[in-house]
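Below: data-v4.pdb (PDB, N, CA and C atoms)
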```
ATOM      1  N   MET J   1      78.859 127.911  71.240
ATOM      2  CA  MET J   1      79.778 128.174  70.143
ATOM      3  C   MET J   1      81.060 127.361  70.296
ATOM      4  N   TRP J   2      81.526 127.174  71.542
ATOM      5  CA  TRP J   2      82.771 126.451  71.749
ATOM      6  C   TRP J   2      82.643 125.000  71.315
ATOM      7  N   GLN J   3      81.408 124.428  71.377
ATOM      8  CA  GLN J   3      81.213 123.045  70.937
ATOM      9  C   GLN J   3      81.565 122.887  69.468
ATOM     10  N   LEU J   4      81.277 123.908  68.672
ATOM     11  CA  LEU J   4      81.601 123.884  67.248
ATOM     12  C   LEU J   4      83.089 123.640  67.056
ATOM     13  N   TYR J   5      83.908 124.329  67.811
ATOM     14  CA  TYR J   5      85.357 124.220  67.653
ATOM     15  C   TYR J   5      85.896 122.910  68.215
ATOM     16  N   VAL J   6      85.361 122.477  69.346
ATOM     17  CA  VAL J   6      85.791 121.203  69.930
ATOM     18  C   VAL J   6      85.383 120.049  69.016
ATOM     19  N   PHE J   7      84.139 120.053  68.550
ATOM     20  CA  PHE J   7      83.664 118.991  67.661
ATOM     21  C   PHE J   7      84.447 118.976  66.351
ATOM     22  N   SER J   8      84.765 120.130  65.822
ATOM     23  CA  SER J   8      85.535 120.196  64.571
ATOM     24  C   SER J   8      86.926 119.605  64.762
ATOM     25  N   PHE J   9      87.586 119.962  65.858
ATOM     26  CA  PHE J   9      88.924 119.448  66.141
ATOM     27  C   PHE J   9      88.888 117.934  66.340
ATOM     28  N   LEU J  10      87.964 117.453  67.167
ATOM     29  CA  LEU J  10      87.852 116.010  67.414
ATOM     30  C   LEU J  10      87.499 115.251  66.144
ATOM     31  N   SER J  11      86.674 115.833  65.327
ATOM     32  CA  SER J  11      86.303 115.203  64.068
ATOM     33  C   SER J  11      87.523 115.022  63.174
ATOM     34  N   GLY J  12      88.370 116.029  63.109
ATOM     35  CA  GLY J  12      89.594 115.915  62.319
ATOM     36  C   GLY J  12      90.481 114.793  62.810
ATOM     37  N   LEU J  13      90.606 114.659  64.142
ATOM     38  CA  LEU J  13      91.407 113.574  64.710
ATOM     39  C   LEU J  13      90.814 112.209  64.390
ATOM     40  N   LEU J  14      89.508 112.068  64.600
ATOM     41  CA  LEU J  14      88.870 110.768  64.405
ATOM     42  C   LEU J  14      88.861 110.327  62.949
ATOM     43  N   ILE J  15      88.529 111.227  62.060
ATOM     44  CA  ILE J  15      88.474 110.851  60.642
ATOM     45  C   ILE J  15      89.859 110.495  60.127
ATOM     46  N   THR J  16      90.867 111.265  60.521
ATOM     47  CA  THR J  16      92.226 110.968  60.083
ATOM     48  C   THR J  16      92.720 109.662  60.690
ATOM     49  N   ASN J  17      92.310 109.344  61.901
ATOM     50  CA  ASN J  17      92.677 108.071  62.513
ATOM     51  C   ASN J  17      91.932 106.909  61.862
ATOM     52  N   GLY J  18      90.712 107.129  61.455
ATOM     53  CA  GLY J  18      89.901 106.051  60.893
ATOM     54  C   GLY J  18      90.342 105.583  59.522
ATOM     55  N   VAL J  19      90.865 106.481  58.730
ATOM     56  CA  VAL J  19      91.225 106.140  57.345
ATOM     57  C   VAL J  19      92.262 105.013  57.266
ATOM     58  N   PRO J  20      93.426 105.118  57.932
ATOM     59  CA  PRO J  20      94.409 104.046  57.782
ATOM     60  C   PRO J  20      93.938 102.706  58.355
ATOM     61  N   HIS J  21      93.188 102.737  59.459
ATOM     62  CA  HIS J  21      92.679 101.492  60.025
ATOM     63  C   HIS J  21      91.707 100.826  59.051
ATOM     64  N   PHE J  22      90.821 101.607  58.488
ATOM     65  CA  PHE J  22      89.849 101.063  57.549
ATOM     66  C   PHE J  22      90.551 100.487  56.317
ATOM     67  N   ILE J  23      91.505 101.214  55.783
ATOM     68  CA  ILE J  23      92.220 100.748  54.585
ATOM     69  C   ILE J  23      93.031  99.494  54.882
ATOM     70  N   LYS J  24      93.754  99.480  56.001
ATOM     71  CA  LYS J  24      94.517  98.281  56.370
ATOM     72  C   LYS J  24      93.578  97.084  56.498
ATOM     73  N   GLY J  25      92.459  97.276  57.149
ATOM     74  CA  GLY J  25      91.519  96.179  57.333
ATOM     75  C   GLY J  25      90.923  95.696  56.031
ATOM     76  N   VAL J  26      90.515  96.612  55.180
ATOM     77  CA  VAL J  26      89.907  96.242  53.903
ATOM     78  C   VAL J  26      90.895  95.471  53.022
ATOM     79  N   THR J  27      92.174  95.797  53.139
ATOM     80  CA  THR J  27      93.188  95.105  52.342
ATOM     81  C   THR J  27      93.698  93.839  53.026
ATOM     82  N   GLY J  28      93.073  93.465  54.146
ATOM     83  CA  GLY J  28      93.391  92.210  54.810
ATOM     84  C   GLY J  28      94.628  92.240  55.684
ATOM     85  N   GLN J  29      95.104  93.416  56.022
ATOM     86  CA  GLN J  29      96.318  93.531  56.816
ATOM     87  C   GLN J  29      95.994  93.757  58.288
ATOM     88  N   LYS J  30      96.893  93.263  59.140
ATOM     89  CA  LYS J  30      96.780  93.520  60.576
ATOM     90  C   LYS J  30      97.397  94.879  60.873
ATOM     91  N   ASN J  31      96.913  95.495  61.931
ATOM     92  CA  ASN J  31      97.444  96.787  62.353
ATOM     93  C   ASN J  31      97.122  96.953  63.832
ATOM     94  N   GLN J  32      97.906  97.742  64.520
ATOM     95  CA  GLN J  32      97.697  97.962  65.943
ATOM     96  C   GLN J  32      96.458  98.822  66.175
ATOM     97  N   THR J  33      95.626  98.369  67.100
ATOM     98  CA  THR J  33      94.468  99.142  67.561
ATOM     99  C   THR J  33      94.513  99.164  69.089
ATOM    100  N   PRO J  34      93.620  99.881  69.732
ATOM    101  CA  PRO J  34      93.573  99.853  71.196
ATOM    102  C   PRO J  34      93.190  98.475  71.753
ATOM    103  N   PHE J  35      92.743  97.556  70.910
ATOM    104  CA  PHE J  35      92.259  96.252  71.362
ATOM    105  C   PHE J  35      93.321  95.171  71.363
ATOM    106  N   GLY J  36      94.510  95.461  70.916
ATOM    107  CA  GLY J  36      95.565  94.460  70.928
ATOM    108  C   GLY J  36      96.594  94.701  69.849
ATOM    109  N   LYS J  37      97.722  93.988  69.974
ATOM    110  CA  LYS J  37      98.816  94.153  69.019
ATOM    111  C   LYS J  37      99.085  92.825  68.358
ATOM    112  N   PRO J  38      99.124  92.683  67.121
ATOM    113  CA  PRO J  38      98.369  93.488  66.156
ATOM    114  C   PRO J  38      96.939  92.965  66.071
ATOM    115  N   SER J  39      96.017  93.803  65.759
ATOM    116  CA  SER J  39      94.613  93.416  65.640
ATOM    117  C   SER J  39      94.342  92.873  64.251
ATOM    118  N   SER J  40      93.352  92.018  64.168
ATOM    119  CA  SER J  40      92.994  91.405  62.887
ATOM    120  C   SER J  40      92.451  92.451  61.915
ATOM    121  N   ALA J  41      92.370  92.043  60.660
ATOM    122  CA  ALA J  41      91.844  92.927  59.627
ATOM    123  C   ALA J  41      90.395  93.324  59.934
ATOM    124  N   ILE J  42      89.614  92.391  60.445
ATOM    125  CA  ILE J  42      88.205  92.686  60.744
ATOM    126  C   ILE J  42      88.095  93.715  61.871
ATOM    127  N   ILE J  43      88.914  93.573  62.901
ATOM    128  CA  ILE J  43      88.906  94.558  63.992
ATOM    129  C   ILE J  43      89.306  95.924  63.456
ATOM    130  N   ASN J  44      90.276  95.967  62.540
ATOM    131  CA  ASN J  44      90.700  97.242  61.965
ATOM    132  C   ASN J  44      89.606  97.884  61.126
ATOM    133  N   VAL J  45      88.873  97.080  60.368
ATOM    134  CA  VAL J  45      87.751  97.626  59.594
ATOM    135  C   VAL J  45      86.723  98.230  60.548
ATOM    136  N   LEU J  46      86.386  97.483  61.585
ATOM    137  CA  LEU J  46      85.393  97.982  62.543
ATOM    138  C   LEU J  46      85.876  99.237  63.264
ATOM    139  N   TRP J  47      87.137  99.229  63.716
ATOM    140  CA  TRP J  47      87.689 100.390  64.423
ATOM    141  C   TRP J  47      87.742 101.615  63.507
ATOM    142  N   GLY J  48      88.191 101.406  62.279
ATOM    143  CA  GLY J  48      88.234 102.504  61.323
ATOM    144  C   GLY J  48      86.854 103.042  61.013
ATOM    145  N   TRP J  49      85.908 102.136  60.827
ATOM    146  CA  TRP J  49      84.537 102.533  60.514
ATOM    147  C   TRP J  49      83.931 103.343  61.658
ATOM    148  N   VAL J  50      84.137 102.896  62.898
ATOM    149  CA  VAL J  50      83.614 103.630  64.060
ATOM    150  C   VAL J  50      84.218 105.036  64.112
ATOM    151  N   ASN J  51      85.530 105.138  63.890
ATOM    152  CA  ASN J  51      86.180 106.451  63.888
ATOM    153  C   ASN J  51      85.597 107.349  62.806
ATOM    154  N   LEU J  52      85.388 106.806  61.609
ATOM    155  CA  LEU J  52      84.844 107.598  60.513
ATOM    156  C   LEU J  52      83.410 108.043  60.798
ATOM    157  N   VAL J  53      82.594 107.146  61.316
ATOM    158  CA  VAL J  53      81.190 107.481  61.594
ATOM    159  C   VAL J  53      81.080 108.509  62.717
ATOM    160  N   VAL J  54      81.816 108.296  63.810
ATOM    161  CA  VAL J  54      81.750 109.247  64.927
ATOM    162  C   VAL J  54      82.302 110.614  64.490
ATOM    163  N   GLY J  55      83.385 110.606  63.701
ATOM    164  CA  GLY J  55      83.929 111.867  63.187
ATOM    165  C   GLY J  55      82.935 112.601  62.308
ATOM    166  N   ALA J  56      82.237 111.849  61.459
ATOM    167  CA  ALA J  56      81.225 112.470  60.592
ATOM    168  C   ALA J  56      80.051 112.998  61.411
ATOM    169  N   MET J  57      79.661 112.260  62.445
ATOM    170  CA  MET J  57      78.559 112.724  63.297
ATOM    171  C   MET J  57      78.946 114.010  64.037
ATOM    172  N   LEU J  58      80.191 114.073  64.504
ATOM    173  CA  LEU J  58      80.644 115.295  65.170
ATOM    174  C   LEU J  58      80.612 116.484  64.211
ATOM    175  N   LEU J  59      81.022 116.257  62.970
ATOM    176  CA  LEU J  59      80.945 117.337  61.975
ATOM    177  C   LEU J  59      79.505 117.773  61.758
ATOM    178  N   HIS J  60      78.613 116.805  61.687
ATOM    179  CA  HIS J  60      77.198 117.123  61.482
ATOM    180  C   HIS J  60      76.652 117.958  62.645
ATOM    181  N   PHE J  61      76.904 117.505  63.875
ATOM    182  CA  PHE J  61      76.381 118.207  65.041
ATOM    183  C   PHE J  61      77.091 119.527  65.313
ATOM    184  N   ALA J  62      78.287 119.695  64.769
ATOM    185  CA  ALA J  62      79.000 120.962  64.931
ATOM    186  C   ALA J  62      78.429 122.037  64.016
ATOM    187  N   ASN J  63      77.636 121.642  63.027
ATOM    188  CA  ASN J  63      77.067 122.577  62.055
ATOM    189  C   ASN J  63      78.156 123.372  61.334
ATOM    190  N   VAL J  64      79.181 122.667  60.890
ATOM    191  CA  VAL J  64      80.278 123.325  60.187
ATOM    192  C   VAL J  64      79.800 123.903  58.859
ATOM    193  N   HIS J  65      78.678 123.434  58.375
ATOM    194  CA  HIS J  65      78.159 123.947  57.107
ATOM    195  C   HIS J  65      77.766 125.423  57.192
ATOM    196  N   THR J  66      77.877 126.010  58.369
ATOM    197  CA  THR J  66      77.611 127.440  58.507
ATOM    198  C   THR J  66      78.794 128.275  58.028
ATOM    199  N   TYR J  67      79.812 127.610  57.481
ATOM    200  CA  TYR J  67      80.988 128.264  56.897
ATOM    201  C   TYR J  67      81.794 129.052  57.913
ATOM    202  N   ASP J  68      81.951 128.472  59.075
ATOM    203  CA  ASP J  68      82.804 129.076  60.093
ATOM    204  C   ASP J  68      84.241 128.664  59.769
ATOM    205  N   TYR J  69      85.027 129.606  59.320
ATOM    206  CA  TYR J  69      86.377 129.300  58.850
ATOM    207  C   TYR J  69      87.287 128.818  59.966
ATOM    208  N   LEU J  70      87.071 129.259  61.195
ATOM    209  CA  LEU J  70      87.882 128.778  62.304
ATOM    210  C   LEU J  70      87.623 127.289  62.546
ATOM    211  N   ALA J  71      86.370 126.873  62.439
ATOM    212  CA  ALA J  71      86.035 125.461  62.619
ATOM    213  C   ALA J  71      86.698 124.604  61.542
ATOM    214  N   VAL J  72      86.665 125.068  60.314
ATOM    215  CA  VAL J  72      87.307 124.348  59.212
ATOM    216  C   VAL J  72      88.817 124.303  59.427
ATOM    217  N   ALA J  73      89.390 125.398  59.885
ATOM    218  CA  ALA J  73      90.832 125.442  60.150
ATOM    219  C   ALA J  73      91.200 124.491  61.284
ATOM    220  N   LEU J  74      90.381 124.420  62.333
ATOM    221  CA  LEU J  74      90.647 123.503  63.435
ATOM    222  C   LEU J  74      90.568 122.049  62.976
ATOM    223  N   PHE J  75      89.605 121.740  62.110
ATOM    224  CA  PHE J  75      89.504 120.397  61.534
ATOM    225  C   PHE J  75      90.785 120.068  60.769
ATOM    226  N   ALA J  76      91.236 121.003  59.936
ATOM    227  CA  ALA J  76      92.435 120.780  59.114
ATOM    228  C   ALA J  76      93.687 120.638  59.980
ATOM    229  N   VAL J  77      93.815 121.469  61.001
ATOM    230  CA  VAL J  77      94.989 121.403  61.882
ATOM    231  C   VAL J  77      95.000 120.083  62.650
ATOM    232  N   ALA J  78      93.852 119.677  63.172
ATOM    233  CA  ALA J  78      93.776 118.407  63.903
ATOM    234  C   ALA J  78      94.128 117.240  62.987
ATOM    235  N   SER J  79      93.633 117.288  61.770
ATOM    236  CA  SER J  79      93.924 116.238  60.803
ATOM    237  C   SER J  79      95.418 116.177  60.498
ATOM    238  N   LEU J  80      96.029 117.322  60.289
ATOM    239  CA  LEU J  80      97.464 117.372  60.001
ATOM    240  C   LEU J  80      98.276 116.885  61.200
ATOM    241  N   LEU J  81      97.919 117.322  62.414
ATOM    242  CA  LEU J  81      98.645 116.891  63.606
ATOM    243  C   LEU J  81      98.554 115.383  63.805
ATOM    244  N   LYS J  82      97.364 114.825  63.596
ATOM    245  CA  LYS J  82      97.186 113.373  63.734
ATOM    246  C   LYS J  82      97.992 112.639  62.678
ATOM    247  N   ALA J  83      97.980 113.116  61.458
ATOM    248  CA  ALA J  83      98.728 112.472  60.383
ATOM    249  C   ALA J  83     100.230 112.520  60.644
ATOM    250  N   LEU J  84     100.731 113.662  61.082
ATOM    251  CA  LEU J  84     102.161 113.786  61.382
ATOM    252  C   LEU J  84     102.546 112.913  62.577
ATOM    253  N   GLY J  85     101.707 112.875  63.580
ATOM    254  CA  GLY J  85     101.969 112.021  64.736
ATOM    255  C   GLY J  85     101.989 110.548  64.369
ATOM    256  N   SER J  86     101.045 110.132  63.538
ATOM    257  CA  SER J  86     101.013 108.740  63.088
ATOM    258  C   SER J  86     102.232 108.413  62.233
ATOM    259  N   ALA J  87     102.596 109.320  61.342
ATOM    260  CA  ALA J  87     103.767 109.090  60.494
ATOM    261  C   ALA J  87     105.026 108.946  61.341
ATOM    262  N   ARG J  88     105.161 109.784  62.332
ATOM    263  CA  ARG J  88     106.340 109.718  63.223
ATOM    264  C   ARG J  88     106.346 108.412  64.003
ATOM    265  N   LEU J  89     105.197 108.029  64.548
ATOM    266  CA  LEU J  89     105.085 106.801  65.322
ATOM    267  C   LEU J  89     105.411 105.572  64.473
ATOM    268  N   TRP J  90     104.771 105.467  63.313
ATOM    269  CA  TRP J  90     104.935 104.264  62.492
ATOM    270  C   TRP J  90     106.277 104.216  61.783
ATOM    271  N   SER J  91     106.914 105.352  61.570
ATOM    272  CA  SER J  91     108.231 105.322  60.931
ATOM    273  C   SER J  91     109.278 104.740  61.875
ATOM    274  N   LYS J  92     109.020 104.741  63.169
ATOM    275  CA  LYS J  92     109.938 104.175  64.146
ATOM    276  C   LYS J  92     109.589 102.734  64.518
ATOM    277  N   HIS J  93     108.496 102.212  64.006
ATOM    278  CA  HIS J  93     108.045 100.878  64.358
ATOM    279  C   HIS J  93     108.826  99.845  63.543
ATOM    280  N   PRO J  94     109.576  98.955  64.207
ATOM    281  CA  PRO J  94     110.445  98.031  63.460
ATOM    282  C   PRO J  94     109.691  97.058  62.559
ATOM    283  N   GLU J  95     108.489  96.668  62.927
ATOM    284  CA  GLU J  95     107.719  95.718  62.130
ATOM    285  C   GLU J  95     107.350  96.279  60.753
ATOM    286  N   TYR J  96     107.191  97.593  60.663
ATOM    287  CA  TYR J  96     106.768  98.211  59.417
ATOM    288  C   TYR J  96     107.926  98.827  58.638
ATOM    289  N   ASN J  97     109.135  98.710  59.151
ATOM    290  CA  ASN J  97     110.290  99.323  58.497
ATOM    291  C   ASN J  97     111.435  98.327  58.364
ATOM    292  N   GLU J  98     111.134  97.189  57.774
ATOM    293  CA  GLU J  98     112.178  96.166  57.598
ATOM    294  C   GLU J  98     112.961  96.405  56.339
TER     295      GLU J  98
END
```
Any chance you could give the structure as structure tokens?
Amino acid sequence: MWQLYVFSFLSGLLITNGVPHFIKGVTGQKNQTPFGKPSSAIINVLWGWVNLVVGAMLLHFANVHTYDYLAVALFAVASLLKALGSARLWSKHPEYNE
């Protein structure tokens, strides 16, 4: 049962992390990834895509479709925490706030 909650939380983090990388890459923009500063648009598309796919797989294997409200809440909280953390990080980045 605990895997359901861990997978739901991790899925929220990964999917929320994957969205901006994928969008930046698709629009041809560079963005920081774990592979270097700044990474090319193609690396961002790949990194975002991997995050989205792994996040979706975790949701699938967590069996969230069983309507476990705690799992859904953990997904939402993880997503919100990741989004707020990213917003705080990037709002202080001088390259993106000229």
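Straight-line separation from CA of Pro38 (chain J) to CA of Lys92 (chain J): 15.9 Å.
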Take the PyMOL selection byres (((chain J and resi 20 and name CA) around 10) and name CA), run it mentally on this structure, and tell me the resulting residues as JSON, numbers by chain.
{"J": [15, 16, 17, 18, 19, 21, 22, 23, 24, 25, 26, 31, 44, 45, 48, 83, 86]}
Between atom N of Leu10 (chain J) and CA of Lys30 (chain J) - distance in Å to one decimal
26.3 Å
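Between atom N of Ile43 (chain J) and atom N of Gly55 (chain J) lies a distance of 17.9 Å.
Applied to this file, the PyMOL selection byres ((chain J and resi 78) around 8) selects the residues Ser8, Phe9, Leu10, Ser11, Gly12, Leu13, Leu14, Thr16, Val72, Ala73, Leu74, Phe75, Ala76, Val77, Ser79, Leu80, Leu81, Lys82, Ala83 and Leu84 of chain J.
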Box centre and edge lengths (Å, one decimal), axis-aligned, region 10-25 of chain J plus 3 Å each side, as lines of an AutoDock Vina configuration file:
```
center_x = 90.4
center_y = 106.6
center_z = 61.0
size_x = 14.2
size_y = 27.8
size_z = 18.8
```
Selected residue, from J:Phe61, J:Val53, J:Gly28, J:Gly36, that lies nearest to Phe7 (chain J) when counting only C-alpha atoms:
J:Phe61
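Residues of region 7-59 of chain J carrying a DSSP assignment of strand (DSSP E or B), computed from the backbone, are Asn31, Gln32, Thr33, Gly36, Lys37, Pro38 and Ser39 of chain J.
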Just list as a PyMOL selection string whatever in region 13-91 of chain J DSSP marks as alpha helix (DSSP H).
chain J and resi 13-26+41-62+69-91
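Proximity ranking of J:Ser40, J:Gln3, J:Leu46, J:Ala87 relative to Ala71 (chain J) places J:Gln3 first, based on only C-alpha atoms.
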